[in-house]
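**Q** Data: final_29.cif, mmCIF, N, CA and C atoms.
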data_structure
loop_
_atom_site.group_PDB
_atom_site.id
_atom_site.type_symbol
_atom_site.label_atom_id
_atom_site.label_comp_id
_atom_site.auth_asym_id
_atom_site.auth_seq_id
_atom_site.Cartn_x
_atom_site.Cartn_y
_atom_site.Cartn_z
ATOM 1 N N MET E 1 5.550 11.132 27.637
ATOM 2 C CA MET E 1 4.454 10.178 27.645
ATOM 3 C C MET E 1 4.010 9.935 29.070
ATOM 4 N N ASP E 2 2.711 9.907 29.309
ATOM 5 C CA ASP E 2 2.176 9.638 30.635
ATOM 6 C C ASP E 2 2.349 8.167 30.971
ATOM 7 N N GLU E 3 2.684 7.902 32.211
ATOM 8 C CA GLU E 3 2.797 6.518 32.653
ATOM 9 C C GLU E 3 1.695 6.230 33.643
ATOM 10 N N TRP E 4 1.184 5.035 33.596
ATOM 11 C CA TRP E 4 0.145 4.605 34.509
ATOM 12 C C TRP E 4 0.807 3.692 35.539
ATOM 13 N N PRO E 5 0.987 4.172 36.747
ATOM 14 C CA PRO E 5 1.714 3.396 37.741
ATOM 15 C C PRO E 5 1.062 2.056 38.083
ATOM 16 N N ASP E 6 -0.243 1.927 37.898
ATOM 17 C CA ASP E 6 -0.906 0.677 38.250
ATOM 18 C C ASP E 6 -0.946 -0.315 37.092
ATOM 19 N N SER E 7 -0.367 0.041 35.948
ATOM 20 C CA SER E 7 -0.391 -0.839 34.788
ATOM 21 C C SER E 7 0.795 -1.786 34.811
ATOM 22 N N SER E 8 0.548 -3.043 34.408
ATOM 23 C CA SER E 8 1.634 -4.014 34.329
ATOM 24 C C SER E 8 2.313 -3.974 32.961
ATOM 25 N N VAL E 9 1.786 -3.161 32.056
ATOM 26 C CA VAL E 9 2.349 -3.041 30.724
ATOM 27 C C VAL E 9 3.363 -1.893 30.718
ATOM 28 N N PRO E 10 4.594 -2.146 30.250
ATOM 29 C CA PRO E 10 5.595 -1.077 30.249
ATOM 30 C C PRO E 10 5.232 0.038 29.267
ATOM 31 N N ALA E 11 5.697 1.247 29.568
ATOM 32 C CA ALA E 11 5.450 2.398 28.704
ATOM 33 C C ALA E 11 6.224 2.242 27.396
ATOM 34 N N VAL E 12 5.671 2.771 26.317
ATOM 35 C CA VAL E 12 6.303 2.728 25.011
ATOM 36 C C VAL E 12 6.556 4.151 24.557
ATOM 37 N N ASP E 13 7.794 4.449 24.181
ATOM 38 C CA ASP E 13 8.132 5.770 23.678
ATOM 39 C C ASP E 13 7.929 5.793 22.175
ATOM 40 N N HIS E 14 7.005 6.620 21.694
ATOM 41 C CA HIS E 14 6.717 6.716 20.271
ATOM 42 C C HIS E 14 7.492 7.838 19.590
ATOM 43 N N GLY E 15 8.364 8.477 20.315
ATOM 44 C CA GLY E 15 9.209 9.505 19.726
ATOM 45 C C GLY E 15 8.455 10.761 19.326
ATOM 46 N N GLY E 16 7.344 11.052 19.974
ATOM 47 C CA GLY E 16 6.528 12.208 19.618
ATOM 48 C C GLY E 16 7.224 13.541 19.834
ATOM 49 N N GLY E 17 8.182 13.595 20.742
ATOM 50 C CA GLY E 17 8.837 14.861 21.030
ATOM 51 C C GLY E 17 10.136 15.067 20.281
ATOM 52 N N ASN E 18 10.485 14.192 19.380
ATOM 53 C CA ASN E 18 11.750 14.285 18.659
ATOM 54 C C ASN E 18 11.655 15.347 17.571
ATOM 55 N N SER E 19 12.360 16.455 17.772
ATOM 56 C CA SER E 19 12.307 17.538 16.788
ATOM 57 C C SER E 19 13.212 17.267 15.588
ATOM 58 N N GLU E 20 14.023 16.210 15.651
ATOM 59 C CA GLU E 20 14.927 15.892 14.565
ATOM 60 C C GLU E 20 14.353 14.819 13.629
ATOM 61 N N ALA E 21 13.058 14.575 13.729
ATOM 62 C CA ALA E 21 12.444 13.556 12.875
ATOM 63 C C ALA E 21 12.577 13.951 11.411
ATOM 64 N N LYS E 22 12.846 12.958 10.562
ATOM 65 C CA LYS E 22 13.025 13.216 9.140
ATOM 66 C C LYS E 22 11.674 13.389 8.457
ATOM 67 N N ALA E 23 11.641 14.240 7.451
ATOM 68 C CA ALA E 23 10.425 14.445 6.660
ATOM 69 C C ALA E 23 10.192 13.211 5.800
ATOM 70 N N PRO E 24 8.927 12.872 5.508
ATOM 71 C CA PRO E 24 8.670 11.707 4.662
ATOM 72 C C PRO E 24 9.238 11.879 3.263
ATOM 73 N N ARG E 25 9.686 10.764 2.691
ATOM 74 C CA ARG E 25 10.214 10.753 1.332
ATOM 75 C C ARG E 25 9.050 10.935 0.360
ATOM 76 N N VAL E 26 9.204 11.821 -0.595
ATOM 77 C CA VAL E 26 8.151 12.094 -1.568
ATOM 78 C C VAL E 26 8.559 11.518 -2.911
ATOM 79 N N GLY E 27 7.614 10.856 -3.594
ATOM 80 C CA GLY E 27 7.881 10.257 -4.895
ATOM 81 C C GLY E 27 8.187 11.300 -5.948
ATOM 82 N N LEU E 28 8.498 10.844 -7.154
ATOM 83 C CA LEU E 28 8.878 11.749 -8.232
ATOM 84 C C LEU E 28 7.815 12.792 -8.526
ATOM 85 N N ASP E 29 6.548 12.382 -8.553
ATOM 86 C CA ASP E 29 5.502 13.353 -8.841
ATOM 87 C C ASP E 29 4.766 13.782 -7.578
ATOM 88 N N GLY E 30 5.056 13.157 -6.431
ATOM 89 C CA GLY E 30 4.472 13.549 -5.164
ATOM 90 C C GLY E 30 2.993 13.286 -5.036
ATOM 91 N N GLY E 31 2.395 12.572 -5.985
ATOM 92 C CA GLY E 31 0.952 12.376 -5.962
ATOM 93 C C GLY E 31 0.518 11.004 -5.510
ATOM 94 N N VAL E 32 -0.754 10.915 -5.200
ATOM 95 C CA VAL E 32 -1.391 9.660 -4.847
ATOM 96 C C VAL E 32 -2.030 9.106 -6.115
ATOM 97 N N ARG E 33 -1.850 7.816 -6.380
ATOM 98 C CA ARG E 33 -2.439 7.200 -7.576
ATOM 99 C C ARG E 33 -3.097 5.886 -7.203
ATOM 100 N N LEU E 34 -4.169 5.588 -7.900
ATOM 101 C CA LEU E 34 -4.877 4.332 -7.705
ATOM 102 C C LEU E 34 -4.452 3.328 -8.763
ATOM 103 N N PHE E 35 -4.457 2.050 -8.382
ATOM 104 C CA PHE E 35 -4.108 1.003 -9.326
ATOM 105 C C PHE E 35 -4.903 -0.254 -9.031
ATOM 106 N N ALA E 36 -4.886 -1.159 -9.973
ATOM 107 C CA ALA E 36 -5.511 -2.466 -9.799
ATOM 108 C C ALA E 36 -4.470 -3.526 -10.100
ATOM 109 N N LEU E 37 -4.595 -4.658 -9.452
ATOM 110 C CA LEU E 37 -3.747 -5.812 -9.720
ATOM 111 C C LEU E 37 -4.633 -6.871 -10.364
ATOM 112 N N LEU E 38 -4.285 -7.234 -11.603
ATOM 113 C CA LEU E 38 -5.119 -8.115 -12.402
ATOM 114 C C LEU E 38 -4.529 -9.509 -12.542
ATOM 115 N N ARG E 39 -5.413 -10.483 -12.506
ATOM 116 C CA ARG E 39 -5.059 -11.867 -12.801
ATOM 117 C C ARG E 39 -5.300 -12.072 -14.293
ATOM 118 N N GLU E 40 -4.301 -12.568 -14.991
ATOM 119 C CA GLU E 40 -4.416 -12.801 -16.429
ATOM 120 C C GLU E 40 -5.383 -13.945 -16.711
ATOM 121 N N ALA E 41 -6.094 -13.862 -17.821
ATOM 122 C CA ALA E 41 -7.005 -14.926 -18.243
ATOM 123 C C ALA E 41 -6.207 -16.170 -18.597
ATOM 124 N N ASP E 42 -6.759 -17.322 -18.265
ATOM 125 C CA ASP E 42 -6.149 -18.605 -18.609
ATOM 126 C C ASP E 42 -7.225 -19.457 -19.263
ATOM 127 N N GLU E 43 -7.284 -19.408 -20.588
ATOM 128 C CA GLU E 43 -8.334 -20.093 -21.345
ATOM 129 C C GLU E 43 -8.296 -21.607 -21.162
ATOM 130 N N GLU E 44 -7.116 -22.144 -20.917
ATOM 131 C CA GLU E 44 -6.978 -23.594 -20.733
ATOM 132 C C GLU E 44 -7.823 -24.085 -19.560
ATOM 133 N N TYR E 45 -7.916 -23.270 -18.508
ATOM 134 C CA TYR E 45 -8.681 -23.650 -17.315
ATOM 135 C C TYR E 45 -10.017 -22.922 -17.227
ATOM 136 N N GLY E 46 -10.382 -22.160 -18.254
ATOM 137 C CA GLY E 46 -11.646 -21.448 -18.254
ATOM 138 C C GLY E 46 -11.676 -20.243 -17.331
ATOM 139 N N ASP E 47 -10.506 -19.748 -16.971
ATOM 140 C CA ASP E 47 -10.402 -18.585 -16.087
ATOM 141 C C ASP E 47 -10.403 -17.323 -16.936
ATOM 142 N N GLU E 48 -11.368 -16.451 -16.711
ATOM 143 C CA GLU E 48 -11.488 -15.221 -17.498
ATOM 144 C C GLU E 48 -10.569 -14.111 -17.008
ATOM 145 N N GLY E 49 -9.881 -14.323 -15.914
ATOM 146 C CA GLY E 49 -9.039 -13.280 -15.348
ATOM 147 C C GLY E 49 -9.886 -12.234 -14.650
ATOM 148 N N GLY E 50 -9.263 -11.185 -14.178
ATOM 149 C CA GLY E 50 -10.010 -10.115 -13.528
ATOM 150 C C GLY E 50 -9.222 -9.443 -12.432
ATOM 151 N N VAL E 51 -9.861 -8.510 -11.762
ATOM 152 C CA VAL E 51 -9.222 -7.750 -10.690
ATOM 153 C C VAL E 51 -9.117 -8.617 -9.440
ATOM 154 N N GLU E 52 -7.925 -8.720 -8.906
ATOM 155 C CA GLU E 52 -7.700 -9.434 -7.642
ATOM 156 C C GLU E 52 -7.671 -8.462 -6.470
ATOM 157 N N PHE E 53 -7.002 -7.309 -6.673
ATOM 158 C CA PHE E 53 -6.852 -6.318 -5.605
ATOM 159 C C PHE E 53 -6.885 -4.915 -6.194
ATOM 160 N N TYR E 54 -7.272 -3.959 -5.366
ATOM 161 C CA TYR E 54 -7.140 -2.545 -5.689
ATOM 162 C C TYR E 54 -6.079 -1.973 -4.763
ATOM 163 N N GLY E 55 -5.424 -0.911 -5.212
ATOM 164 C CA GLY E 55 -4.375 -0.334 -4.384
ATOM 165 C C GLY E 55 -4.266 1.159 -4.561
ATOM 166 N N ILE E 56 -3.472 1.732 -3.676
ATOM 167 C CA ILE E 56 -3.189 3.164 -3.722
ATOM 168 C C ILE E 56 -1.704 3.367 -3.499
ATOM 169 N N ARG E 57 -1.094 4.170 -4.368
ATOM 170 C CA ARG E 57 0.304 4.566 -4.165
ATOM 171 C C ARG E 57 0.270 5.848 -3.377
ATOM 172 N N LEU E 58 0.998 5.884 -2.293
ATOM 173 C CA LEU E 58 1.051 7.048 -1.414
ATOM 174 C C LEU E 58 2.172 7.985 -1.842
ATOM 175 N N PRO E 59 2.144 9.235 -1.373
ATOM 176 C CA PRO E 59 3.146 10.212 -1.810
ATOM 177 C C PRO E 59 4.593 9.793 -1.547
ATOM 178 N N ASP E 60 4.829 8.957 -0.543
ATOM 179 C CA ASP E 60 6.212 8.546 -0.264
ATOM 180 C C ASP E 60 6.663 7.361 -1.117
ATOM 181 N N GLY E 61 5.785 6.890 -2.022
ATOM 182 C CA GLY E 61 6.144 5.796 -2.912
ATOM 183 C C GLY E 61 5.681 4.435 -2.439
ATOM 184 N N THR E 62 5.270 4.322 -1.173
ATOM 185 C CA THR E 62 4.762 3.051 -0.673
ATOM 186 C C THR E 62 3.357 2.828 -1.197
ATOM 187 N N ALA E 63 2.827 1.630 -0.968
ATOM 188 C CA ALA E 63 1.495 1.310 -1.475
ATOM 189 C C ALA E 63 0.741 0.472 -0.453
ATOM 190 N N ALA E 64 -0.585 0.518 -0.557
ATOM 191 C CA ALA E 64 -1.463 -0.320 0.252
ATOM 192 C C ALA E 64 -2.473 -0.961 -0.685
ATOM 193 N N THR E 65 -2.832 -2.205 -0.399
ATOM 194 C CA THR E 65 -3.794 -2.911 -1.236
ATOM 195 C C THR E 65 -4.972 -3.376 -0.397
ATOM 196 N N ILE E 66 -6.131 -3.484 -1.079
ATOM 197 C CA ILE E 66 -7.334 -4.022 -0.471
ATOM 198 C C ILE E 66 -7.911 -5.071 -1.415
ATOM 199 N N THR E 67 -8.732 -5.964 -0.872
ATOM 200 C CA THR E 67 -9.395 -6.955 -1.696
ATOM 201 C C THR E 67 -10.528 -6.284 -2.463
ATOM 202 N N THR E 68 -11.088 -6.982 -3.436
ATOM 203 C CA THR E 68 -12.211 -6.418 -4.176
ATOM 204 C C THR E 68 -13.434 -6.265 -3.284
ATOM 205 N N GLY E 69 -13.457 -6.931 -2.155
ATOM 206 C CA GLY E 69 -14.540 -6.788 -1.183
ATOM 207 C C GLY E 69 -14.309 -5.665 -0.194
ATOM 208 N N GLY E 70 -13.149 -4.973 -0.305
ATOM 209 C CA GLY E 70 -12.863 -3.836 0.566
ATOM 210 C C GLY E 70 -12.078 -4.147 1.820
ATOM 211 N N ARG E 71 -11.652 -5.375 1.996
ATOM 212 C CA ARG E 71 -10.862 -5.722 3.189
ATOM 213 C C ARG E 71 -9.389 -5.371 2.983
ATOM 214 N N PRO E 72 -8.719 -4.942 4.055
ATOM 215 C CA PRO E 72 -7.284 -4.655 3.938
ATOM 216 C C PRO E 72 -6.530 -5.898 3.488
ATOM 217 N N HIS E 73 -5.519 -5.690 2.659
ATOM 218 C CA HIS E 73 -4.732 -6.818 2.164
ATOM 219 C C HIS E 73 -3.266 -6.694 2.552
ATOM 220 N N GLY E 74 -2.631 -5.551 2.251
ATOM 221 C CA GLY E 74 -1.218 -5.447 2.573
ATOM 222 C C GLY E 74 -0.665 -4.052 2.400
ATOM 223 N N CYS E 75 0.494 -3.839 2.986
ATOM 224 C CA CYS E 75 1.269 -2.603 2.828
ATOM 225 C C CYS E 75 2.579 -3.002 2.169
ATOM 226 N N TRP E 76 3.015 -2.204 1.191
ATOM 227 C CA TRP E 76 4.133 -2.589 0.340
ATOM 228 C C TRP E 76 5.117 -1.439 0.192
ATOM 229 N N THR E 77 6.351 -1.768 -0.130
ATOM 230 C CA THR E 77 7.383 -0.745 -0.320
ATOM 231 C C THR E 77 7.222 -0.006 -1.638
ATOM 232 N N SER E 78 6.475 -0.581 -2.583
ATOM 233 C CA SER E 78 6.201 0.061 -3.869
ATOM 234 C C SER E 78 4.964 -0.593 -4.477
ATOM 235 N N CYS E 79 4.445 -0.004 -5.547
ATOM 236 C CA CYS E 79 3.291 -0.589 -6.246
ATOM 237 C C CYS E 79 3.680 -1.844 -7.002
ATOM 238 N N GLU E 80 4.896 -1.871 -7.476
ATOM 239 C CA GLU E 80 5.362 -2.998 -8.258
ATOM 240 C C GLU E 80 5.575 -4.245 -7.400
ATOM 241 N N ARG E 81 5.848 -4.065 -6.130
ATOM 242 C CA ARG E 81 6.163 -5.183 -5.243
ATOM 243 C C ARG E 81 5.035 -6.215 -5.159
ATOM 244 N N PRO E 82 3.769 -5.817 -4.894
ATOM 245 C CA PRO E 82 2.733 -6.855 -4.828
ATOM 246 C C PRO E 82 2.488 -7.522 -6.179
ATOM 247 N N ALA E 83 2.621 -6.771 -7.252
ATOM 248 C CA ALA E 83 2.442 -7.363 -8.590
ATOM 249 C C ALA E 83 3.483 -8.455 -8.808
ATOM 250 N N ASP E 84 4.743 -8.148 -8.518
ATOM 251 C CA ASP E 84 5.817 -9.126 -8.681
ATOM 252 C C ASP E 84 5.633 -10.309 -7.736
ATOM 253 N N ARG E 85 5.359 -10.009 -6.500
ATOM 254 C CA ARG E 85 5.252 -11.049 -5.464
ATOM 255 C C ARG E 85 4.082 -12.001 -5.714
ATOM 256 N N LEU E 86 2.959 -11.454 -6.196
ATOM 257 C CA LEU E 86 1.752 -12.253 -6.375
ATOM 258 C C LEU E 86 1.554 -12.736 -7.814
ATOM 259 N N GLY E 87 2.443 -12.325 -8.715
ATOM 260 C CA GLY E 87 2.332 -12.745 -10.104
ATOM 261 C C GLY E 87 1.139 -12.132 -10.817
ATOM 262 N N LEU E 88 0.847 -10.884 -10.515
ATOM 263 C CA LEU E 88 -0.290 -10.178 -11.099
ATOM 264 C C LEU E 88 0.197 -9.018 -11.955
ATOM 265 N N SER E 89 -0.691 -8.490 -12.783
ATOM 266 C CA SER E 89 -0.354 -7.346 -13.635
ATOM 267 C C SER E 89 -0.823 -6.057 -12.977
ATOM 268 N N LEU E 90 0.040 -5.045 -12.992
ATOM 269 C CA LEU E 90 -0.275 -3.737 -12.424
ATOM 270 C C LEU E 90 -0.876 -2.859 -13.507
ATOM 271 N N VAL E 91 -2.054 -2.282 -13.220
ATOM 272 C CA VAL E 91 -2.731 -1.384 -14.154
ATOM 273 C C VAL E 91 -3.100 -0.114 -13.386
ATOM 274 N N TRP E 92 -2.650 1.031 -13.898
ATOM 275 C CA TRP E 92 -2.974 2.309 -13.270
ATOM 276 C C TRP E 92 -4.404 2.702 -13.598
ATOM 277 N N LEU E 93 -5.101 3.253 -12.627
ATOM 278 C CA LEU E 93 -6.479 3.692 -12.802
ATOM 279 C C LEU E 93 -6.533 5.219 -12.839
ATOM 280 N N GLY E 94 -7.450 5.761 -13.614
ATOM 281 C CA GLY E 94 -7.624 7.205 -13.658
ATOM 282 C C GLY E 94 -6.510 7.878 -14.428
ATOM 283 N N SER E 95 -6.459 9.174 -14.282
ATOM 284 C CA SER E 95 -5.454 9.960 -15.004
ATOM 285 C C SER E 95 -4.717 10.863 -14.033
ATOM 286 N N GLY E 96 -4.161 10.263 -12.971
ATOM 287 C CA GLY E 96 -3.443 11.029 -11.961
ATOM 288 C C GLY E 96 -2.100 11.505 -12.462
ATOM 289 N N PRO E 97 -1.334 12.146 -11.589
ATOM 290 C CA PRO E 97 -0.008 12.637 -11.964
ATOM 291 C C PRO E 97 0.865 11.498 -12.484
ATOM 292 N N GLY E 98 1.580 11.750 -13.531
ATOM 293 C CA GLY E 98 2.474 10.750 -14.081
ATOM 294 C C GLY E 98 1.789 9.767 -14.997
ATOM 295 N N ALA E 99 0.502 9.983 -15.249
ATOM 296 C CA ALA E 99 -0.234 9.022 -16.096
ATOM 297 C C ALA E 99 0.127 9.193 -17.547
#
Let me see the file written as structure tokens.
**A**
Amino acid sequence: MDEWPDSSVPAVDHGGGNSEAKAPRVGLDGGVRLFALLREADEEYGDEGGVEFYGIRLPDGTAATITTGGRPHGCWTSCERPADRLGLSLVWLGSGPGA
């Protein structure tokens, strides 16, 4: 890594030259899948329910979510994690691998 001698910020080693880096973990089907996180309808309060977030499962099994407006929301260790954490229902979209 190049260092800038006039910088007051210390250099950070990102491990770019490490030839022993581990390969990413690949999920059972190795595919990317889209999902939605739904809020259940609550008739008592007049809430019709609906999509709260959209997400993508990555090949290593992790997931990322965005708001319905397209803003980043979160990165997760699995697709099930945000559903459990936020009390939402996970629904797979499309007909990707494992559908």
**Q** Tell me, as a PDB file with N, CA and C atoms, keeping the file's coordinate frame, which residues lie within 6.5 Å of E:Leu90, counting all atoms listed in the file; anything in the same chain fewer than 4 positions away does not count.
**A**
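So result14.pdb came out as:
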ATOM      1  N   ALA E  36      -4.886  -1.159  -9.973  1.00  0.00           N
ATOM      2  CA  ALA E  36      -5.511  -2.466  -9.799  1.00  0.00           C
ATOM      3  C   ALA E  36      -4.470  -3.526 -10.100  1.00  0.00           C
ATOM      4  N   LEU E  37      -4.595  -4.658  -9.452  1.00  0.00           N
ATOM      5  CA  LEU E  37      -3.747  -5.812  -9.720  1.00  0.00           C
ATOM      6  C   LEU E  37      -4.633  -6.871 -10.364  1.00  0.00           C
ATOM      7  N   LEU E  38      -4.285  -7.234 -11.603  1.00  0.00           N
ATOM      8  CA  LEU E  38      -5.119  -8.115 -12.402  1.00  0.00           C
ATOM      9  C   LEU E  38      -4.529  -9.509 -12.542  1.00  0.00           C
ATOM     10  N   ALA E  83       2.621  -6.771  -7.252  1.00  0.00           N
ATOM     11  CA  ALA E  83       2.442  -7.363  -8.590  1.00  0.00           C
ATOM     12  C   ALA E  83       3.483  -8.455  -8.808  1.00  0.00           C
TER      13      ALA E  83
END
**Q** What do you get, as JSON, numbers by chain, if you spell out every residue that the PyMOL selection byres (((chain E and resi 52-66 and name CA) around 10) and name CA) selects here?
**A** {"E": [24, 25, 26, 27, 28, 29, 30, 31, 32, 33, 34, 35, 36, 37, 38, 39, 40, 49, 50, 51, 67, 68, 69, 70, 71, 72, 73, 74, 75, 76, 77, 78, 79, 80, 81, 82, 83, 86, 88, 89, 90, 91, 92, 93]}
**Q** Work out how far apart atom CA of E:Glu43 and atom C of E:Gly94 are and give it in Å to one decimal.
**A**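 These two atoms are separated by 28.9 Å.
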